[in-house]
file work_27.cif (mmCIF, C-alpha atoms)
data_coords
#
loop_
_atom_site.label_atom_id
_atom_site.label_comp_id
_atom_site.auth_asym_id
_atom_site.auth_seq_id
_atom_site.Cartn_x
_atom_site.Cartn_y
_atom_site.Cartn_z
CA MET A 1 59.72 70.28 149.77
CA ILE A 2 56.16 69.17 150.43
CA PRO A 3 53.45 71.34 148.88
CA PHE A 4 51.99 73.98 151.17
CA VAL A 5 49.14 75.39 149.14
CA ALA A 6 46.70 74.11 146.52
CA VAL A 7 44.66 76.47 144.37
CA VAL A 8 41.34 75.36 142.94
CA SER A 9 39.66 77.63 140.38
CA LEU A 10 36.13 77.07 139.21
CA ARG A 11 34.48 79.01 136.39
CA ASN A 12 30.77 78.87 135.71
CA GLN A 13 28.73 79.66 132.61
CA GLU A 14 28.55 83.38 133.46
CA SER A 15 32.37 83.43 133.44
CA ARG A 16 32.45 84.06 137.16
CA THR A 17 35.56 82.56 138.64
CA PHE A 18 35.77 81.23 142.15
CA ARG A 19 39.28 80.69 143.40
CA LEU A 20 39.89 78.66 146.52
CA TRP A 21 43.28 78.59 148.20
CA ILE A 22 43.65 75.43 150.27
CA PRO A 23 46.34 75.72 152.95
CA LEU A 24 47.81 72.24 152.72
CA PHE A 25 50.29 72.99 155.48
CA LEU A 26 47.38 73.14 157.93
CA ILE A 27 46.19 69.76 156.71
CA TRP A 28 49.70 68.33 157.15
CA MET A 29 49.84 69.78 160.66
CA LEU A 30 46.49 68.20 161.50
CA LEU A 31 47.44 64.88 159.96
CA LEU A 32 50.82 64.66 161.65
CA PRO A 33 49.53 63.71 165.13
CA VAL A 34 47.06 61.30 163.53
CA ALA A 35 49.88 59.68 161.56
CA VAL A 36 52.01 59.41 164.70
CA LEU A 37 49.11 57.80 166.59
CA LEU A 38 48.40 55.41 163.74
CA SER A 39 52.05 54.56 163.07
CA PRO A 40 51.99 51.28 165.07
CA LEU A 41 48.95 50.15 163.10
CA ILE A 42 50.56 51.20 159.83
CA PHE A 43 53.71 49.34 160.84
CA ILE A 44 51.74 46.15 161.59
CA ALA A 45 49.73 46.47 158.38
CA CYS A 46 52.95 46.83 156.37
CA LEU A 47 54.43 43.75 158.02
CA PHE A 48 51.21 41.85 157.39
CA CYS A 49 51.40 42.78 153.69
CA ARG A 50 55.12 41.93 153.63
CA VAL A 51 56.11 45.48 152.80
CA ASN A 52 59.09 47.13 154.41
CA PRO A 53 57.38 49.85 156.51
CA PHE A 54 60.35 52.21 156.36
CA ARG A 55 60.52 51.91 152.59
CA GLY A 56 56.77 52.46 152.41
CA VAL A 57 57.00 55.63 154.47
CA ALA A 58 59.95 56.81 152.36
CA VAL A 59 58.01 56.29 149.12
CA MET A 60 54.96 58.06 150.53
CA TRP A 61 57.17 60.97 151.53
CA GLN A 62 58.66 61.08 148.02
CA ILE A 63 55.19 61.13 146.48
CA LEU A 64 54.17 63.94 148.81
CA ASN A 65 57.25 65.92 147.82
CA ALA A 66 56.75 65.29 144.13
CA LEU A 67 53.18 66.58 144.17
CA ALA A 68 54.35 70.19 144.03
CA ASP A 69 53.99 71.82 140.59
CA THR A 70 51.20 69.49 139.53
CA ASP A 71 48.65 71.26 137.34
CA VAL A 72 45.31 70.03 136.03
CA GLU A 73 43.14 72.30 133.89
CA VAL A 74 39.85 71.49 132.22
CA GLU A 75 38.25 74.19 130.10
CA HIS A 76 34.90 74.16 128.39
CA ARG A 77 32.75 76.92 127.01
CA SER A 78 30.20 76.50 129.79
CA ALA A 79 32.57 75.82 132.69
CA GLY A 80 36.16 75.42 133.65
CA MET A 81 38.22 74.01 136.45
CA SER A 82 41.87 74.18 137.34
CA PHE A 83 43.84 72.64 140.15
CA HIS A 84 47.37 73.72 140.97
CA ILE A 85 49.53 72.40 143.76
CA LEU A 86 52.16 74.93 144.80
CA MET B 1 97.89 80.21 132.35
CA ASN B 2 96.09 78.98 129.27
CA GLU B 3 95.83 80.65 125.91
CA HIS B 4 92.31 82.03 126.32
CA ARG B 5 93.07 83.66 129.63
CA ARG B 6 96.22 85.20 128.15
CA GLN B 7 94.20 86.62 125.25
CA ILE B 8 91.64 88.14 127.61
CA LEU B 9 94.35 89.75 129.74
CA GLN B 10 96.07 91.05 126.63
CA MET B 11 92.80 92.61 125.40
CA LEU B 12 92.42 94.19 128.83
CA SER B 13 95.94 95.60 128.80
CA GLU B 14 95.39 96.99 125.30
CA GLY B 15 92.21 98.69 126.52
CA LYS B 16 89.98 96.77 124.11
CA ILE B 17 87.79 95.52 126.97
CA SER B 18 87.07 96.86 130.43
CA ALA B 19 88.04 95.13 133.68
CA ASP B 20 84.41 94.09 134.23
CA GLU B 21 84.19 92.53 130.79
CA ALA B 22 87.46 90.71 131.35
CA GLU B 23 86.21 89.36 134.65
CA ARG B 24 82.97 88.16 133.03
CA LEU B 25 84.87 86.48 130.21
CA ILE B 26 87.22 84.71 132.61
CA SER B 27 84.39 83.54 134.86
CA ALA B 28 82.43 82.34 131.82
CA MET B 29 85.50 80.47 130.67
CA GLU B 30 85.97 78.86 134.06
CA ALA B 31 82.31 77.90 134.47
CA PRO B 32 81.52 74.20 133.95
CA PRO B 33 79.71 73.27 130.75
CA ALA B 34 75.95 73.78 131.00
CA PHE B 35 75.08 70.17 130.25
CA SER B 36 77.69 68.18 132.05
CA THR B 37 75.91 66.58 134.99
CA LEU B 38 73.35 63.84 135.33
CA SER B 39 71.72 65.42 138.33
CA ASP B 40 68.09 66.53 138.37
CA GLY B 41 67.51 69.64 136.35
CA GLY B 42 70.68 69.01 134.40
CA SER B 43 70.79 66.95 131.29
CA SER B 44 71.25 63.41 130.14
CA GLY B 45 74.67 64.32 128.76
CA THR B 46 73.47 64.45 125.18
CA GLY B 47 73.04 68.22 125.18
CA LYS B 48 69.31 67.92 125.73
CA PRO B 49 68.04 69.10 129.12
CA ARG B 50 66.20 66.53 131.19
CA PRO B 51 62.46 67.09 131.09
CA LYS B 52 60.81 68.05 134.33
CA TYR B 53 57.18 67.48 133.44
CA LEU B 54 54.95 65.06 131.59
CA ARG B 55 52.27 66.99 129.73
CA VAL B 56 48.94 65.66 128.50
CA LEU B 57 46.91 67.97 126.27
CA VAL B 58 43.46 67.03 125.06
CA ASP B 59 41.54 69.18 122.62
CA ALA B 60 38.08 67.80 121.98
CA GLU B 61 35.32 69.24 119.88
CA GLU B 62 32.14 67.29 120.25
CA GLY B 63 28.58 68.03 121.09
CA SER B 64 26.04 66.32 123.22
CA ASN B 65 23.03 64.85 121.41
CA GLY B 66 24.40 65.96 118.08
CA ALA B 67 24.52 69.67 118.99
CA TYR B 68 27.92 71.34 119.02
CA ASP B 69 28.69 72.36 122.56
CA GLY B 70 32.03 74.13 122.16
CA PRO B 71 35.55 72.81 122.54
CA THR B 72 36.81 71.11 125.66
CA LYS B 73 40.45 71.50 126.57
CA VAL B 74 42.30 69.47 129.15
CA ASN B 75 45.80 70.40 130.21
CA VAL B 76 47.63 68.18 132.69
CA ARG B 77 51.17 68.76 133.89
CA VAL B 78 52.69 66.07 136.09
CA PRO B 79 56.20 66.39 137.54
CA MET B 80 58.54 63.60 136.45
CA GLN B 81 59.50 63.19 140.10
CA LEU B 82 55.95 62.08 140.75
CA LEU B 83 56.28 59.40 138.08
CA ARG B 84 59.51 58.22 139.66
CA ALA B 85 57.85 58.04 143.08
CA GLY B 86 54.89 56.24 141.52
CA VAL B 87 57.12 53.57 140.00
CA ARG B 88 58.81 53.15 143.39
CA LEU B 89 55.37 52.73 144.93
CA ALA B 90 54.57 50.05 142.35
CA GLY B 91 57.72 48.29 143.53
CA LEU B 92 56.22 48.02 147.01
CA ILE B 93 53.07 46.27 145.89
CA PRO B 94 53.16 42.59 146.93
CA ALA B 95 53.76 40.10 144.12
CA GLN B 96 50.36 38.44 144.60
CA ALA B 97 48.57 41.74 144.11
CA LEU B 98 50.63 42.45 141.00
CA LEU B 99 49.73 39.06 139.54
CA ARG B 100 46.05 39.72 140.15
CA ALA B 101 46.37 43.17 138.58
CA ASN B 102 48.18 41.64 135.61
CA SER B 103 45.43 39.10 135.01
CA ALA B 104 42.75 41.79 135.33
CA MET B 105 44.56 43.93 132.77
CA GLN B 106 45.02 40.97 130.45
CA GLU B 107 41.27 40.43 130.55
CA LYS B 108 40.78 44.05 129.50
CA GLY B 109 43.26 43.63 126.65
CA VAL B 110 46.17 45.50 128.23
CA PRO B 111 49.22 43.23 128.00
CA ILE B 112 51.39 44.96 130.61
CA ASP B 113 53.38 42.91 133.09
CA LEU B 114 53.56 44.98 136.27
CA THR B 115 55.99 42.55 137.85
CA GLN B 116 58.60 43.80 135.42
CA ILE B 117 58.44 47.34 136.83
CA LYS B 118 61.28 47.28 139.32
CA PRO B 119 63.24 50.06 141.00
CA GLU B 120 66.32 48.91 139.07
CA ASN B 121 64.57 49.73 135.79
CA LEU B 122 63.19 52.96 137.11
CA GLU B 123 65.73 55.38 135.68
CA ASP B 124 65.68 53.62 132.29
CA LEU B 125 61.90 53.85 132.24
CA VAL B 126 61.83 57.55 133.05
CA GLU B 127 64.75 58.26 130.69
CA GLN B 128 62.81 56.68 127.83
CA LEU B 129 59.95 59.06 128.52
CA ASN B 130 62.22 61.98 127.59
CA ASP B 131 61.73 61.42 123.90
CA LEU B 132 58.12 60.34 124.18
CA THR B 133 55.57 62.18 122.09
CA VAL B 134 52.19 60.66 121.43
CA ASP B 135 49.84 62.44 119.04
CA VAL B 136 46.37 61.09 118.57
CA ASP B 137 44.09 62.71 116.02
CA GLN B 138 40.61 61.27 115.86
CA LYS B 139 37.98 62.57 113.51
CA GLU B 140 34.60 60.96 113.51
CA ALA B 141 31.14 62.18 112.72
CA GLY B 142 30.50 65.13 115.00
CA ALA B 143 33.64 64.65 117.05
CA LYS B 144 37.22 65.79 116.68
CA VAL B 145 39.67 64.81 119.39
CA LYS B 146 43.35 65.64 119.53
CA VAL B 147 45.55 64.20 122.28
CA ARG B 148 49.20 65.08 122.82
CA VAL B 149 51.42 63.43 125.40
CA PHE B 150 54.97 64.71 125.68
CA CYS B 151 57.70 65.65 128.12
CA GLU B 152 59.07 69.14 128.63
#

call {"tool": "encode", "arguments": {"input": "work_27.cif", "output": "structure tokens"}}
result
Amino acid sequence: MIPFVAVVSLRNQESRTFRLWIPLFLIWMLLLPVAVLLSPLIFIACLFCRVNPFRGVAVMWQILNALADTDVEVEHRSAGMSFHIL
Amino acid sequence: MNEHRRQILQMLSEGKISADEAERLISAMEAPPAFSTLSDGGSSGTGKPRPKYLRVLVDAEEGSNGAYDGPTKVNVRVPMQLLRAGVRLAGLIPAQALLRANSAMQEKGVPIDLTQIKPENLEDLVEQLNDLTVDVDQKEAGAKVKVRVFCE
């Protein structure tokens, strides 16, 4: 399942936390027509680079699927940041 | 009817256990062993569950310009599936690009041959990460850094 939401949390020196929910599904929906329009170019570019375009798309899809559950957190006394892909 | 099932039914008939308990015991007996498959989320067959994530923890205590500025903690959790997909992506990179990347890494003192990373070796590579634990403890003047890399 591709990730649908990413959560970015930022904490400043005054310990105020800003949490931003990024609706990735909207980004995917916006990118889908662009990807469809660009698919002939991507196909040609893959052939030019001697890469199987279908395999390339499959690997990209796998990477997209595997992104879910990725967490990155950086904490410091003065600031903090976390990034979660749900 | 095997011996265990007979014993459970006998305990039920003697009133030692209730019908619900008997049913639970029989279903537990019939359930497949917990670590019997090689599928994702199962285990490698050695009784140890397959790790799902690669974790990188960094705990650094250092100050800027000699002044202690508090600890910095970094916590990264990467799904193993992402590593698998990444290795597959590396398999798509044209050989010429890999050779150039190899020579660039050699210049930087990293003797890794990227051409050897092939989809066939993928599972072996990820399997070997299961038992990986890297602990780095660095203590220098004014700085203390602890890095842990492990799978969970």

call {"tool": "closest_atom_pairs", "arguments": {"input": "work_27.cif", "of": "segment 65-106 of chain B", "to": "segment 118-138 of chain B", "cutoff": "7 Å", "atoms": "all atoms listed in the file", "output": "CSV"}}
result
residue,atom,partner,partner_atom,distance
B:Arg84,CA,B:Leu122,CA,6.9
B:Val87,CA,B:Leu122,CA,6.8
B:Arg88,CA,B:Pro119,CA,5.9
B:Gly91,CA,B:Lys118,CA,5.6

call {"tool": "resolve_selection", "arguments": {"input": "work_27.cif", "expression": "the PyMOL selection byres ((chain A) within 6 of (chain B))", "output": "compact mmCIF listing (two decimals) with C-alpha atoms, in the coordinates of the input"}}
result
# COMPACT_ATOMS: atom_id res chain seq x y z
CA GLN A 62 58.66 61.08 148.02
CA ILE A 63 55.19 61.13 146.48
CA ALA A 66 56.75 65.29 144.13
CA THR A 70 51.20 69.49 139.53
CA ASP A 71 48.65 71.26 137.34
CA VAL A 72 45.31 70.03 136.03
CA GLU A 73 43.14 72.30 133.89
CA VAL A 74 39.85 71.49 132.22
CA GLU A 75 38.25 74.19 130.10
CA HIS A 76 34.90 74.16 128.39
CA ARG A 77 32.75 76.92 127.01

call {"tool": "resolve_selection", "arguments": {"input": "work_27.cif", "expression": "the PyMOL selection byres ((chain A and resi 16-30) around 10)", "output": "list in words"}}
result
Ile2, Pro3, Phe4, Val5, Ala6, Val7, Val8, Ser9, Leu10, Arg11, Asn12, Gln13, Glu14, Ser15, Leu31, Leu32, Pro33, Val34, Ala35, Ala79, Gly80, Met81, Ser82, Phe83, His84, Ile85 and Leu86 of chain A

call {"tool": "atom_distance", "arguments": {"input": "work_27.cif", "atom1": "atom CA of Arg55 of chain A", "atom2": "atom CA of Ala97 of chain B"}}
result
17.8 Å

call {"tool": "residues_around", "arguments": {"input": "work_27.cif", "residues": "segment 40-44 of chain A", "least_positions_apart": "5", "cutoff": "12 Å", "atoms": "only C-alpha atoms", "output": "VMD selection string"}}
result
chain A and resid 34 to 35 49 to 57

call {"tool": "atom_distance", "arguments": {"input": "work_27.cif", "atom1": "atom CA of Val145 of chain B", "atom2": "atom CA of Ala104 of chain B"}}
result
28.2 Å

call {"tool": "resolve_selection", "arguments": {"input": "work_27.cif", "expression": "the PyMOL selection byres ((chain B and resi 26) around 12)", "output": "PyMOL selection string"}}
result
chain B and resi 1-9+12+19-25+27-31

call {"tool": "write_last_selection", "arguments": {"input": "work_27.cif", "atoms": "C-alpha atoms", "output": "compact mmCIF listing (two decimals), keeping the file's coordinate frame"}}
result
# COMPACT_ATOMS: atom_id res chain seq x y z
CA MET B 1 97.89 80.21 132.35
CA ASN B 2 96.09 78.98 129.27
CA GLU B 3 95.83 80.65 125.91
CA HIS B 4 92.31 82.03 126.32
CA ARG B 5 93.07 83.66 129.63
CA ARG B 6 96.22 85.20 128.15
CA GLN B 7 94.20 86.62 125.25
CA ILE B 8 91.64 88.14 127.61
CA LEU B 9 94.35 89.75 129.74
CA LEU B 12 92.42 94.19 128.83
CA ALA B 19 88.04 95.13 133.68
CA ASP B 20 84.41 94.09 134.23
CA GLU B 21 84.19 92.53 130.79
CA ALA B 22 87.46 90.71 131.35
CA GLU B 23 86.21 89.36 134.65
CA ARG B 24 82.97 88.16 133.03
CA LEU B 25 84.87 86.48 130.21
CA SER B 27 84.39 83.54 134.86
CA ALA B 28 82.43 82.34 131.82
CA MET B 29 85.50 80.47 130.67
CA GLU B 30 85.97 78.86 134.06
CA ALA B 31 82.31 77.90 134.47

call {"tool": "atom_distance", "arguments": {"input": "work_27.cif", "atom1": "atom CA of Cys151 of chain B", "atom2": "atom CA of Asp69 of chain A"}}
result
14.4 Å

call {"tool": "residues_around", "arguments": {"input": "work_27.cif", "residues": "Leu99 of chain B", "least_positions_apart": "3", "cutoff": "12 Å", "atoms": "only C-alpha atoms", "output": "JSON, numbers by chain"}}
result
{"B": [93, 94, 95, 96, 102, 103, 104, 105, 106, 112, 113, 114, 115, 116]}

call {"tool": "decode", "arguments": {"input": "work_27.cif", "residues": "chain A", "atoms": "C-alpha atoms", "output": "short mmCIF file (atom, residue, chain, number, x, y, z; two decimals), in the first residue's frame"}}
result
data_model
loop_
_atom_site.label_atom_id
_atom_site.label_comp_id
_atom_site.auth_asym_id
_atom_site.auth_seq_id
_atom_site.Cartn_x
_atom_site.Cartn_y
_atom_site.Cartn_z
CA MET A 1 0.00 0.00 0.00
CA ILE A 2 1.44 3.37 -0.96
CA PRO A 3 1.68 5.92 1.85
CA PHE A 4 -1.22 8.34 2.09
CA VAL A 5 -0.09 10.77 4.75
CA ALA A 6 3.21 12.20 5.97
CA VAL A 7 3.49 13.99 9.30
CA VAL A 8 6.18 16.60 9.85
CA SER A 9 6.69 17.91 13.39
CA LEU A 10 8.88 20.87 14.13
CA ARG A 11 9.78 22.05 17.63
CA ASN A 12 11.41 25.38 18.32
CA GLN A 13 13.42 26.66 21.27
CA GLU A 14 10.28 27.67 23.19
CA SER A 15 9.12 24.04 22.95
CA ARG A 16 6.29 25.04 20.66
CA THR A 17 5.49 22.20 18.32
CA PHE A 18 4.15 22.68 14.84
CA ARG A 19 2.70 19.57 13.30
CA LEU A 20 1.99 19.45 9.59
CA TRP A 21 -0.03 16.64 8.05
CA ILE A 22 0.80 16.29 4.37
CA PRO A 23 -1.90 14.47 2.41
CA LEU A 24 0.28 12.43 0.10
CA PHE A 25 -2.75 10.90 -1.60
CA LEU A 26 -3.53 14.33 -3.05
CA ILE A 27 0.01 14.58 -4.38
CA TRP A 28 -0.30 11.11 -5.94
CA MET A 29 -3.60 12.12 -7.52
CA LEU A 30 -2.00 15.26 -8.96
CA LEU A 31 1.06 13.40 -10.16
CA LEU A 32 -0.87 10.58 -11.80
CA PRO A 33 -2.00 12.54 -14.88
CA VAL A 34 1.46 14.08 -15.17
CA ALA A 35 3.03 10.61 -15.05
CA VAL A 36 0.59 9.35 -17.68
CA LEU A 37 1.41 12.32 -19.93
CA LEU A 38 5.13 11.86 -19.42
CA SER A 39 5.07 8.07 -19.79
CA PRO A 40 6.16 8.09 -23.48
CA LEU A 41 9.13 10.29 -22.58
CA ILE A 42 9.98 8.09 -19.60
CA PHE A 43 9.72 5.03 -21.84
CA ILE A 44 12.11 6.56 -24.41
CA ALA A 45 14.51 7.71 -21.70
CA CYS A 46 14.57 4.18 -20.23
CA LEU A 47 15.28 2.68 -23.64
CA PHE A 48 18.00 5.26 -24.23
CA CYS A 49 19.62 4.29 -20.91
CA ARG A 50 19.16 0.59 -21.74
CA VAL A 51 16.86 0.03 -18.79
CA ASN A 52 13.76 -2.11 -19.07
CA PRO A 53 11.01 0.52 -18.62
CA PHE A 54 8.53 -1.95 -17.13
CA ARG A 55 11.09 -3.13 -14.60
CA GLY A 56 11.93 0.48 -13.81
CA VAL A 57 8.29 1.33 -13.17
CA ALA A 58 7.91 -1.82 -11.06
CA VAL A 59 10.90 -0.90 -8.90
CA MET A 60 9.66 2.67 -8.49
CA TRP A 61 6.29 1.31 -7.42
CA GLN A 62 8.00 -0.99 -4.90
CA ILE A 63 9.96 1.92 -3.47
CA LEU A 64 6.79 3.97 -3.18
CA ASN A 65 5.08 1.11 -1.35
CA ALA A 66 8.02 0.54 0.95
CA LEU A 67 8.14 4.16 2.07
CA ALA A 68 5.31 3.62 4.54
CA ASP A 69 6.43 3.36 8.18
CA THR A 70 9.60 5.35 7.59
CA ASP A 71 10.48 7.51 10.58
CA VAL A 72 13.19 10.14 10.96
CA GLU A 73 13.57 12.03 14.23
CA VAL A 74 16.19 14.60 15.15
CA GLU A 75 16.08 16.03 18.66
CA HIS A 76 18.18 18.78 20.13
CA ARG A 77 17.73 20.93 23.18
CA SER A 78 17.03 24.00 21.06
CA ALA A 79 14.96 22.38 18.31
CA GLY A 80 13.58 19.14 17.05
CA MET A 81 12.19 17.67 13.90
CA SER A 82 10.42 14.45 13.09
CA PHE A 83 9.15 13.04 9.84
CA HIS A 84 6.80 10.08 9.71
CA ILE A 85 5.34 8.51 6.61
CA LEU A 86 2.09 6.70 7.37
#
